[in-house]
$ cat target27.pdb   # PDB, C-alpha atoms, pLDDT in the B column
MODEL        1
ATOM      1  CA  GLY A   1      96.494 135.888  94.337  1.00 82.00           C
ATOM      2  CA  ASN A   2      93.036 136.402  95.744  1.00 87.00           C
ATOM      3  CA  SER A   3      92.086 139.604  97.529  1.00 91.00           C
ATOM      4  CA  VAL A   4      89.062 141.413  98.921  1.00 94.00           C
ATOM      5  CA  THR A   5      88.841 145.182  99.304  1.00 95.00           C
ATOM      6  CA  GLN A   6      86.221 146.812 101.488  1.00 94.00           C
ATOM      7  CA  MET A   7      85.487 150.443 102.108  1.00 89.00           C
ATOM      8  CA  GLU A   8      87.104 151.729 105.235  1.00 85.00           C
ATOM      9  CA  GLY A   9      84.969 152.594 108.198  1.00 87.00           C
ATOM     10  CA  PRO A  10      83.540 153.478 110.441  1.00 94.00           C
ATOM     11  CA  VAL A  11      80.309 154.096 108.619  1.00 96.00           C
ATOM     12  CA  THR A  12      78.046 156.193 110.821  1.00 97.00           C
ATOM     13  CA  LEU A  13      74.322 156.417 110.039  1.00 97.00           C
ATOM     14  CA  SER A  14      71.099 157.466 111.656  1.00 97.00           C
ATOM     15  CA  GLU A  15      68.391 154.879 112.217  1.00 97.00           C
ATOM     16  CA  GLU A  16      66.292 154.182 109.079  1.00 97.00           C
ATOM     17  CA  ALA A  17      69.027 155.439 106.733  1.00 97.00           C
ATOM     18  CA  PHE A  18      70.084 153.506 103.641  1.00 98.00           C
ATOM     19  CA  LEU A  19      73.266 151.483 103.930  1.00 97.00           C
ATOM     20  CA  THR A  20      75.832 150.539 101.316  1.00 97.00           C
ATOM     21  CA  ILE A  21      79.142 148.894 102.141  1.00 97.00           C
ATOM     22  CA  ASN A  22      81.302 148.405  99.078  1.00 97.00           C
ATOM     23  CA  CYS A  23      83.239 145.227  98.409  1.00 97.00           C
ATOM     24  CA  THR A  24      85.336 144.363  95.377  1.00 97.00           C
ATOM     25  CA  TYR A  25      87.431 141.286  94.826  1.00 96.00           C
ATOM     26  CA  THR A  26      90.229 139.818  92.760  1.00 94.00           C
ATOM     27  CA  ALA A  27      90.219 136.103  92.107  1.00 90.00           C
ATOM     28  CA  THR A  28      90.794 133.576  89.364  1.00 82.00           C
ATOM     29  CA  GLY A  29      87.638 131.985  88.068  1.00 82.00           C
ATOM     30  CA  TYR A  30      84.332 132.579  89.799  1.00 85.00           C
ATOM     31  CA  PRO A  31      84.566 132.319  93.559  1.00 91.00           C
ATOM     32  CA  SER A  32      81.744 132.081  96.063  1.00 92.00           C
ATOM     33  CA  LEU A  33      81.171 135.376  97.874  1.00 95.00           C
ATOM     34  CA  PHE A  34      80.093 135.965 101.457  1.00 96.00           C
ATOM     35  CA  TRP A  35      79.223 138.666 103.942  1.00 97.00           C
ATOM     36  CA  TYR A  36      79.869 137.903 107.590  1.00 97.00           C
ATOM     37  CA  VAL A  37      78.794 140.039 110.547  1.00 97.00           C
ATOM     38  CA  GLN A  38      80.518 140.377 113.913  1.00 95.00           C
ATOM     39  CA  TYR A  39      78.530 141.814 116.804  1.00 94.00           C
ATOM     40  CA  PRO A  40      80.486 143.260 119.743  1.00 90.00           C
ATOM     41  CA  GLY A  41      82.230 140.605 121.790  1.00 88.00           C
ATOM     42  CA  GLU A  42      81.251 137.775 119.473  1.00 90.00           C
ATOM     43  CA  GLY A  43      82.679 135.706 116.647  1.00 91.00           C
ATOM     44  CA  LEU A  44      81.791 136.163 113.015  1.00 93.00           C
ATOM     45  CA  GLN A  45      78.608 134.659 111.645  1.00 94.00           C
ATOM     46  CA  LEU A  46      77.354 134.278 108.112  1.00 95.00           C
ATOM     47  CA  LEU A  47      75.001 137.038 106.983  1.00 97.00           C
ATOM     48  CA  LEU A  48      74.496 136.061 103.343  1.00 97.00           C
ATOM     49  CA  LYS A  49      76.241 134.481 100.394  1.00 95.00           C
ATOM     50  CA  ALA A  50      76.139 134.036  96.616  1.00 95.00           C
ATOM     51  CA  THR A  51      77.779 131.246  94.686  1.00 91.00           C
ATOM     52  CA  LYS A  52      77.525 132.372  91.054  1.00 90.00           C
ATOM     53  CA  ALA A  53      77.281 135.494  88.926  1.00 92.00           C
ATOM     54  CA  ASP A  54      74.047 137.499  89.205  1.00 94.00           C
ATOM     55  CA  ASP A  55      72.966 135.605  92.314  1.00 95.00           C
ATOM     56  CA  LYS A  56      71.495 137.784  95.039  1.00 97.00           C
ATOM     57  CA  GLY A  57      72.062 136.812  98.652  1.00 96.00           C
ATOM     58  CA  SER A  58      69.671 138.173 101.248  1.00 97.00           C
ATOM     59  CA  ASN A  59      69.042 137.889 104.967  1.00 97.00           C
ATOM     60  CA  LYS A  60      67.603 140.107 107.730  1.00 95.00           C
ATOM     61  CA  GLY A  61      66.845 142.884 105.224  1.00 97.00           C
ATOM     62  CA  PHE A  62      70.409 142.909 103.875  1.00 98.00           C
ATOM     63  CA  GLU A  63      71.101 142.152 100.223  1.00 98.00           C
ATOM     64  CA  ALA A  64      74.144 141.756  97.988  1.00 98.00           C
ATOM     65  CA  THR A  65      74.352 140.879  94.290  1.00 98.00           C
ATOM     66  CA  TYR A  66      77.278 138.991  92.749  1.00 97.00           C
ATOM     67  CA  ARG A  67      78.445 141.250  89.877  1.00 96.00           C
ATOM     68  CA  LYS A  68      80.945 139.461  87.689  1.00 93.00           C
ATOM     69  CA  GLU A  69      81.457 142.394  85.312  1.00 94.00           C
ATOM     70  CA  THR A  70      82.513 144.745  88.115  1.00 95.00           C
ATOM     71  CA  THR A  71      83.909 142.025  90.443  1.00 95.00           C
ATOM     72  CA  SER A  72      81.800 143.431  93.242  1.00 97.00           C
ATOM     73  CA  PHE A  73      79.504 142.238  96.017  1.00 98.00           C
ATOM     74  CA  HIS A  74      78.225 145.394  97.709  1.00 98.00           C
ATOM     75  CA  LEU A  75      76.114 145.029 100.847  1.00 98.00           C
ATOM     76  CA  GLU A  76      72.903 147.075 101.072  1.00 98.00           C
ATOM     77  CA  LYS A  77      70.057 147.580 103.475  1.00 98.00           C
ATOM     78  CA  GLY A  78      67.154 149.920 102.935  1.00 97.00           C
ATOM     79  CA  SER A  79      66.595 150.973 106.553  1.00 96.00           C
ATOM     80  CA  VAL A  80      69.187 150.285 109.230  1.00 97.00           C
ATOM     81  CA  GLN A  81      68.464 149.809 112.917  1.00 97.00           C
ATOM     82  CA  VAL A  82      70.592 150.446 115.977  1.00 97.00           C
ATOM     83  CA  SER A  83      70.855 146.669 116.356  1.00 96.00           C
ATOM     84  CA  ASP A  84      72.685 146.484 113.006  1.00 97.00           C
ATOM     85  CA  SER A  85      75.714 148.159 114.586  1.00 97.00           C
ATOM     86  CA  ALA A  86      78.514 145.657 114.037  1.00 97.00           C
ATOM     87  CA  VAL A  87      81.576 144.949 111.909  1.00 95.00           C
ATOM     88  CA  TYR A  88      80.877 143.536 108.447  1.00 97.00           C
ATOM     89  CA  PHE A  89      83.360 141.373 106.553  1.00 96.00           C
ATOM     90  CA  CYS A  90      83.303 140.552 102.876  1.00 96.00           C
ATOM     91  CA  ALA A  91      84.940 137.243 101.939  1.00 95.00           C
ATOM     92  CA  LEU A  92      85.540 134.970  98.994  1.00 93.00           C
ATOM     93  CA  LYS A  93      86.107 131.273  98.630  1.00 90.00           C
ATOM     94  CA  PRO A  94      87.801 130.163  95.417  1.00 84.00           C
ATOM     95  CA  LYS A  95      86.189 127.393  93.409  1.00 77.00           C
ATOM     96  CA  GLY A  96      88.505 124.446  93.261  1.00 69.00           C
ATOM     97  CA  GLY A  97      92.124 124.761  94.251  1.00 58.00           C
ATOM     98  CA  SER A  98      92.714 126.276  97.652  1.00 61.00           C
ATOM     99  CA  TYR A  99      89.811 126.014 100.049  1.00 72.00           C
ATOM    100  CA  ILE A 100      91.192 128.791 102.245  1.00 84.00           C
ATOM    101  CA  PRO A 101      88.856 131.804 102.289  1.00 88.00           C
ATOM    102  CA  THR A 102      90.070 135.360 101.856  1.00 89.00           C
ATOM    103  CA  PHE A 103      88.560 138.070 104.059  1.00 92.00           C
ATOM    104  CA  GLY A 104      88.417 141.805 103.687  1.00 93.00           C
ATOM    105  CA  ARG A 105      89.566 143.977 106.582  1.00 92.00           C
ATOM    106  CA  GLY A 106      86.052 144.615 107.848  1.00 94.00           C
ATOM    107  CA  THR A 107      83.874 147.726 107.942  1.00 95.00           C
ATOM    108  CA  SER A 108      82.497 149.001 111.214  1.00 95.00           C
ATOM    109  CA  LEU A 109      78.894 150.244 111.108  1.00 97.00           C
ATOM    110  CA  ILE A 110      77.573 152.517 113.844  1.00 97.00           C
ATOM    111  CA  VAL A 111      73.866 153.331 113.807  1.00 97.00           C
ATOM    112  CA  HIS A 112      72.588 156.152 116.003  1.00 96.00           C
ATOM    113  CA  PRO A 113      68.978 156.391 117.219  1.00 95.00           C
TER
ATOM    114  CA  ASN B   1      78.244 130.127 117.352  1.00 46.00           C
ATOM    115  CA  ALA B   2      76.944 126.711 118.219  1.00 57.00           C
ATOM    116  CA  GLY B   3      79.310 123.951 117.258  1.00 91.00           C
ATOM    117  CA  VAL B   4      82.715 125.624 117.777  1.00 96.00           C
ATOM    118  CA  THR B   5      83.923 125.991 121.338  1.00 96.00           C
ATOM    119  CA  GLN B   6      87.029 127.915 122.326  1.00 96.00           C
ATOM    120  CA  THR B   7      88.730 128.190 125.689  1.00 96.00           C
ATOM    121  CA  PRO B   8      89.731 130.298 127.479  1.00 96.00           C
ATOM    122  CA  LYS B   9      87.683 133.367 126.595  1.00 95.00           C
ATOM    123  CA  PHE B  10      90.047 135.782 128.329  1.00 96.00           C
ATOM    124  CA  GLN B  11      93.685 135.415 129.336  1.00 96.00           C
ATOM    125  CA  VAL B  12      96.450 137.711 130.515  1.00 97.00           C
ATOM    126  CA  LEU B  13     100.000 136.460 130.101  1.00 97.00           C
ATOM    127  CA  LYS B  14     103.385 137.829 131.014  1.00 97.00           C
ATOM    128  CA  THR B  15     106.004 138.111 128.302  1.00 98.00           C
ATOM    129  CA  GLY B  16     107.772 134.774 127.910  1.00 97.00           C
ATOM    130  CA  GLN B  17     104.991 132.649 129.359  1.00 97.00           C
ATOM    131  CA  SER B  18     103.424 129.873 127.344  1.00 97.00           C
ATOM    132  CA  MET B  19      99.815 128.891 126.902  1.00 97.00           C
ATOM    133  CA  THR B  20      97.521 126.835 124.717  1.00 98.00           C
ATOM    134  CA  LEU B  21      94.211 127.912 123.233  1.00 98.00           C
ATOM    135  CA  GLN B  22      91.809 125.031 122.843  1.00 97.00           C
ATOM    136  CA  CYS B  23      89.227 124.608 120.121  1.00 97.00           C
ATOM    137  CA  ALA B  24      86.700 121.860 119.530  1.00 97.00           C
ATOM    138  CA  GLN B  25      84.004 121.451 116.897  1.00 96.00           C
ATOM    139  CA  ASP B  26      81.135 119.005 116.938  1.00 95.00           C
ATOM    140  CA  MET B  27      80.116 119.367 113.286  1.00 93.00           C
ATOM    141  CA  ASN B  28      82.321 116.549 111.957  1.00 93.00           C
ATOM    142  CA  HIS B  29      84.133 118.937 109.595  1.00 92.00           C
ATOM    143  CA  ASN B  30      87.489 118.022 108.117  1.00 92.00           C
ATOM    144  CA  SER B  31      89.096 121.469 108.083  1.00 93.00           C
ATOM    145  CA  MET B  32      89.827 123.848 110.921  1.00 95.00           C
ATOM    146  CA  TYR B  33      91.485 127.261 111.083  1.00 96.00           C
ATOM    147  CA  TRP B  34      93.063 129.610 113.590  1.00 97.00           C
ATOM    148  CA  TYR B  35      92.826 133.360 112.919  1.00 96.00           C
ATOM    149  CA  ARG B  36      93.921 136.428 114.788  1.00 96.00           C
ATOM    150  CA  GLN B  37      92.028 139.704 114.598  1.00 94.00           C
ATOM    151  CA  ASP B  38      93.714 143.045 115.157  1.00 92.00           C
ATOM    152  CA  PRO B  39      92.333 146.568 114.705  1.00 85.00           C
ATOM    153  CA  GLY B  40      92.614 147.697 111.097  1.00 81.00           C
ATOM    154  CA  MET B  41      94.063 144.356 110.009  1.00 83.00           C
ATOM    155  CA  GLY B  42      90.962 142.251 109.692  1.00 86.00           C
ATOM    156  CA  LEU B  43      91.362 138.504 110.061  1.00 91.00           C
ATOM    157  CA  ARG B  44      94.738 136.912 109.435  1.00 93.00           C
ATOM    158  CA  LEU B  45      95.182 133.183 109.126  1.00 95.00           C
ATOM    159  CA  ILE B  46      97.749 131.737 111.525  1.00 97.00           C
ATOM    160  CA  TYR B  47      97.538 128.007 110.801  1.00 97.00           C
ATOM    161  CA  TYR B  48      95.062 125.660 109.252  1.00 96.00           C
ATOM    162  CA  SER B  49      94.380 121.957 109.191  1.00 95.00           C
ATOM    163  CA  ALA B  50      92.840 120.380 106.118  1.00 92.00           C
ATOM    164  CA  SER B  51      92.155 117.109 107.875  1.00 91.00           C
ATOM    165  CA  GLU B  52      93.024 115.137 110.970  1.00 92.00           C
ATOM    166  CA  GLY B  53      96.770 114.708 111.179  1.00 90.00           C
ATOM    167  CA  THR B  54      97.709 117.561 108.837  1.00 93.00           C
ATOM    168  CA  THR B  55      98.576 121.177 109.574  1.00 96.00           C
ATOM    169  CA  ASP B  56      99.913 124.017 107.427  1.00 95.00           C
ATOM    170  CA  LYS B  57     101.141 127.547 107.940  1.00 96.00           C
ATOM    171  CA  GLY B  58      98.944 130.456 107.107  1.00 94.00           C
ATOM    172  CA  GLU B  59      99.791 134.120 106.706  1.00 92.00           C
ATOM    173  CA  VAL B  60     101.240 134.813 110.184  1.00 96.00           C
ATOM    174  CA  PRO B  61     102.553 131.564 111.747  1.00 97.00           C
ATOM    175  CA  ASN B  62     105.650 132.885 113.519  1.00 97.00           C
ATOM    176  CA  GLY B  63     105.549 132.428 117.278  1.00 97.00           C
ATOM    177  CA  TYR B  64     102.783 129.804 117.166  1.00 98.00           C
ATOM    178  CA  ASN B  65     102.439 126.048 116.965  1.00 97.00           C
ATOM    179  CA  VAL B  66      99.348 123.945 116.421  1.00 98.00           C
ATOM    180  CA  SER B  67      98.169 120.410 117.021  1.00 97.00           C
ATOM    181  CA  ARG B  68      95.293 118.657 115.335  1.00 96.00           C
ATOM    182  CA  LEU B  69      94.688 116.177 118.096  1.00 86.00           C
ATOM    183  CA  ASN B  70      91.768 114.443 116.401  1.00 95.00           C
ATOM    184  CA  LYS B  71      88.976 115.410 114.051  1.00 95.00           C
ATOM    185  CA  ARG B  72      87.254 117.511 116.720  1.00 96.00           C
ATOM    186  CA  GLU B  73      90.131 119.387 118.297  1.00 97.00           C
ATOM    187  CA  PHE B  74      92.656 121.909 117.000  1.00 97.00           C
ATOM    188  CA  SER B  75      94.837 123.693 119.547  1.00 98.00           C
ATOM    189  CA  LEU B  76      97.043 126.766 119.190  1.00 98.00           C
ATOM    190  CA  ARG B  77     100.134 127.142 121.368  1.00 98.00           C
ATOM    191  CA  LEU B  78     102.187 130.205 122.176  1.00 97.00           C
ATOM    192  CA  GLU B  79     105.544 128.906 123.390  1.00 94.00           C
ATOM    193  CA  SER B  80     106.968 132.247 124.539  1.00 96.00           C
ATOM    194  CA  ALA B  81     104.363 134.977 124.470  1.00 97.00           C
ATOM    195  CA  ALA B  82     105.252 138.454 123.219  1.00 97.00           C
ATOM    196  CA  PRO B  83     103.283 141.725 123.478  1.00 97.00           C
ATOM    197  CA  SER B  84     102.839 141.604 119.674  1.00 97.00           C
ATOM    198  CA  GLN B  85     100.672 138.531 120.196  1.00 97.00           C
ATOM    199  CA  THR B  86      98.084 140.543 122.096  1.00 97.00           C
ATOM    200  CA  SER B  87      95.031 139.947 119.947  1.00 97.00           C
ATOM    201  CA  VAL B  88      91.687 138.262 119.638  1.00 96.00           C
ATOM    202  CA  TYR B  89      91.968 134.684 118.399  1.00 97.00           C
ATOM    203  CA  PHE B  90      89.268 132.833 116.525  1.00 96.00           C
ATOM    204  CA  CYS B  91      88.963 129.182 115.721  1.00 97.00           C
ATOM    205  CA  ALA B  92      86.825 128.376 112.687  1.00 95.00           C
ATOM    206  CA  THR B  93      85.730 125.483 110.531  1.00 94.00           C
ATOM    207  CA  PRO B  94      84.165 125.456 107.028  1.00 91.00           C
ATOM    208  CA  ASP B  95      81.194 123.364 106.025  1.00 87.00           C
ATOM    209  CA  GLN B  96      82.566 122.057 102.742  1.00 79.00           C
ATOM    210  CA  ARG B  97      79.324 120.276 101.952  1.00 77.00           C
ATOM    211  CA  ALA B  98      77.187 123.405 102.117  1.00 69.00           C
ATOM    212  CA  GLY B  99      78.813 126.187 100.140  1.00 73.00           C
ATOM    213  CA  ASN B 100      81.806 126.483 102.456  1.00 80.00           C
ATOM    214  CA  THR B 101      80.066 128.601 105.048  1.00 88.00           C
ATOM    215  CA  ILE B 102      82.546 129.131 107.861  1.00 91.00           C
ATOM    216  CA  TYR B 103      81.539 128.680 111.492  1.00 93.00           C
ATOM    217  CA  PHE B 104      83.505 130.636 114.076  1.00 94.00           C
ATOM    218  CA  GLY B 105      84.073 130.230 117.767  1.00 95.00           C
ATOM    219  CA  GLU B 106      83.294 133.139 120.064  1.00 93.00           C
ATOM    220  CA  GLY B 107      86.902 134.237 120.314  1.00 94.00           C
ATOM    221  CA  SER B 108      89.693 134.288 122.877  1.00 96.00           C
ATOM    222  CA  TRP B 109      90.916 137.675 124.092  1.00 96.00           C
ATOM    223  CA  LEU B 110      94.631 137.421 124.881  1.00 97.00           C
ATOM    224  CA  THR B 111      96.708 140.183 126.446  1.00 97.00           C
ATOM    225  CA  VAL B 112     100.470 139.843 126.823  1.00 97.00           C
ATOM    226  CA  VAL B 113     102.060 142.306 129.238  1.00 97.00           C
TER
ENDMDL
END
$ encode --input "target27.pdb" --output "structure tokens"
Amino acid sequence: GNSVTQMEGPVTLSEEAFLTINCTYTATGYPSLFWYVQYPGEGLQLLLKATKADDKGSNKGFEATYRKETTSFHLEKGSVQVSDSAVYFCALKPKGGSYIPTFGRGTSLIVHP
Amino acid sequence: NAGVTQTPKFQVLKTGQSMTLQCAQDMNHNSMYWYRQDPGMGLRLIYYSASEGTTDKGEVPNGYNVSRLNKREFSLRLESAAPSQTSVYFCATPDQRAGNTIYFGEGSWLTVV
């Protein structure tokens, strides 16, 4: 079956530090890949996505590259801000077949001033 | 989270009581989902509806029922609440025309005492 594995948190960083949150997946074929962000007290919202191998998704200074060879979609940001503190979820959507997405367990990011 | 509206936002129930969580979307999407979110467990799919008039079990359906009343509305019912159902519940709907980005409601915080 499909699965998504994220690094466990919390990840604690100082403002302006470099961020990496690892995400690897298992799926048949080539799924679409997503990062969602959940700010405190809110629902999840799309941060970025990539639909095919070698695509790079980017938004708000965050980036992730769809790596078919390593089945990974790691989230990166060069300089985090306190306002980036949130929970980040990696997810995949299989192409064809089931339309039900699979989510990782989420990684909490805490950024200190 | 424009487009997906959940009610109520907060609810406290006594064990054995029943209640219904309401969800409505105004994006004319076919599919709708109900998830629960628990610490360390990420998002788990309770039930989903591929289209008006159809519903299917997800990963954790026990203790819940759903109704897809029409294309807009998808309700989740707890017939006899248990403390294990204390959780945050999210309604969501995918945009299958635009890369399957999922839109979430703001969540319903349910406590069963």
$ resolve_selection --input "target27.pdb" --expression "the PyMOL selection byres ((chain A) within 8 of (chain B))" --output "list of chain:residue names"
A:Ser32, A:Gly41, A:Glu42, A:Gly43, A:Leu44, A:Gln45, A:Leu46, A:Thr51, A:Lys93, A:Phe103, A:Gly104, A:Arg105, A:Gly106
$ axis_aligned_box --input "target27.pdb" --around "range 36-53 of chain A" --padding-each-side "8 Å" --output "JSON"
{"center_x": 78.6, "center_y": 137.3, "center_z": 105.4, "size_x": 24.2, "size_y": 28.0, "size_z": 48.9}
$ resolve_selection --input "target27.pdb" --expression "the PyMOL selection byres ((chain B and resi 27-29) around 10)" --output "PyMOL selection string"
chain B and resi 2-4+24-26+30-32+50-52+71-72+93-97+103
$ residues_around --input "target27.pdb" --residues "Leu47 in chain A" --least-positions-apart "2" --cutoff "8 Å" --atoms "only C-alpha atoms" --output "PyMOL selection string"
chain A and resi 34-37+45+49+58-59
$ write_last_selection --input "target27.pdb" --atoms "C-alpha atoms" --output "PDB file, keeping the file's coordinate frame"
ATOM      1  CA  PHE A  34      80.093 135.965 101.457  1.00 96.00           C
ATOM      2  CA  TRP A  35      79.223 138.666 103.942  1.00 97.00           C
ATOM      3  CA  TYR A  36      79.869 137.903 107.590  1.00 97.00           C
ATOM      4  CA  VAL A  37      78.794 140.039 110.547  1.00 97.00           C
ATOM      5  CA  GLN A  45      78.608 134.659 111.645  1.00 94.00           C
ATOM      6  CA  LYS A  49      76.241 134.481 100.394  1.00 95.00           C
ATOM      7  CA  SER A  58      69.671 138.173 101.248  1.00 97.00           C
ATOM      8  CA  ASN A  59      69.042 137.889 104.967  1.00 97.00           C
TER       9      ASN A  59
END
$ closest_residue --input "target27.pdb" --among "A:Leu92, A:Glu76, A:Gly1, A:Asp54" --to "Thr24 in chain A" --atoms "only C-alpha atoms"
A:Leu92
$ resolve_selection --input "target27.pdb" --expression "the PyMOL selection byres ((chain A and resi 80) around 10)" --output "list in words"
Leu13, Ser14, Glu15, Glu16, Ala17, Phe18, Leu19, Gly61, Phe62, Glu76, Lys77, Gly78, Ser79, Gln81, Val82, Ser83, Asp84, Ser85, Leu109, Ile110, Val111 and His112 of chain A
$ write_last_selection --input "target27.pdb" --atoms "C-alpha atoms" --output "compact mmCIF listing (two decimals), in the frame of the given file"
# COMPACT_ATOMS: atom_id res chain seq x y z
CA LEU A 13 74.32 156.42 110.04
CA SER A 14 71.10 157.47 111.66
CA GLU A 15 68.39 154.88 112.22
CA GLU A 16 66.29 154.18 109.08
CA ALA A 17 69.03 155.44 106.73
CA PHE A 18 70.08 153.51 103.64
CA LEU A 19 73.27 151.48 103.93
CA GLY A 61 66.84 142.88 105.22
CA PHE A 62 70.41 142.91 103.88
CA GLU A 76 72.90 147.07 101.07
CA LYS A 77 70.06 147.58 103.48
CA GLY A 78 67.15 149.92 102.94
CA SER A 79 66.60 150.97 106.55
CA GLN A 81 68.46 149.81 112.92
CA VAL A 82 70.59 150.45 115.98
CA SER A 83 70.86 146.67 116.36
CA ASP A 84 72.68 146.48 113.01
CA SER A 85 75.71 148.16 114.59
CA LEU A 109 78.89 150.24 111.11
CA ILE A 110 77.57 152.52 113.84
CA VAL A 111 73.87 153.33 113.81
CA HIS A 112 72.59 156.15 116.00
$ residues_around --input "target27.pdb" --residues "Tyr25 in chain A" --least-positions-apart "6" --cutoff "10 Å" --atoms "all atoms listed in the file" --output "number ranges by chain"
A: 2-6, 31, 33, 68, 70-73, 90-92, 102-104
$ write_last_selection --input "target27.pdb" --atoms "C-alpha atoms" --output "compact mmCIF listing (two decimals), in the frame of the given file"
# COMPACT_ATOMS: atom_id res chain seq x y z
CA ASN A 2 93.04 136.40 95.74
CA SER A 3 92.09 139.60 97.53
CA VAL A 4 89.06 141.41 98.92
CA THR A 5 88.84 145.18 99.30
CA GLN A 6 86.22 146.81 101.49
CA PRO A 31 84.57 132.32 93.56
CA LEU A 33 81.17 135.38 97.87
CA LYS A 68 80.94 139.46 87.69
CA THR A 70 82.51 144.74 88.12
CA THR A 71 83.91 142.02 90.44
CA SER A 72 81.80 143.43 93.24
CA PHE A 73 79.50 142.24 96.02
CA CYS A 90 83.30 140.55 102.88
CA ALA A 91 84.94 137.24 101.94
CA LEU A 92 85.54 134.97 98.99
CA THR A 102 90.07 135.36 101.86
CA PHE A 103 88.56 138.07 104.06
CA GLY A 104 88.42 141.80 103.69
$ residues_near_point --input "target27.pdb" --point "(99.8, 140.9, 127.6)" --cutoff "12 Å" --atoms "all atoms listed in the file" --output "ChimeraX atom specification"
/B:10-18,80-88,109-113
$ atom_distance --input "target27.pdb" --atom1 "CA of Asp56 in chain B" --atom2 "CA of Trp34 in chain B"
10.8 Å
$ atom_distance --input "target27.pdb" --atom1 "CA of Ile21 in chain A" --atom2 "CA of Thr107 in chain A"
7.6 Å
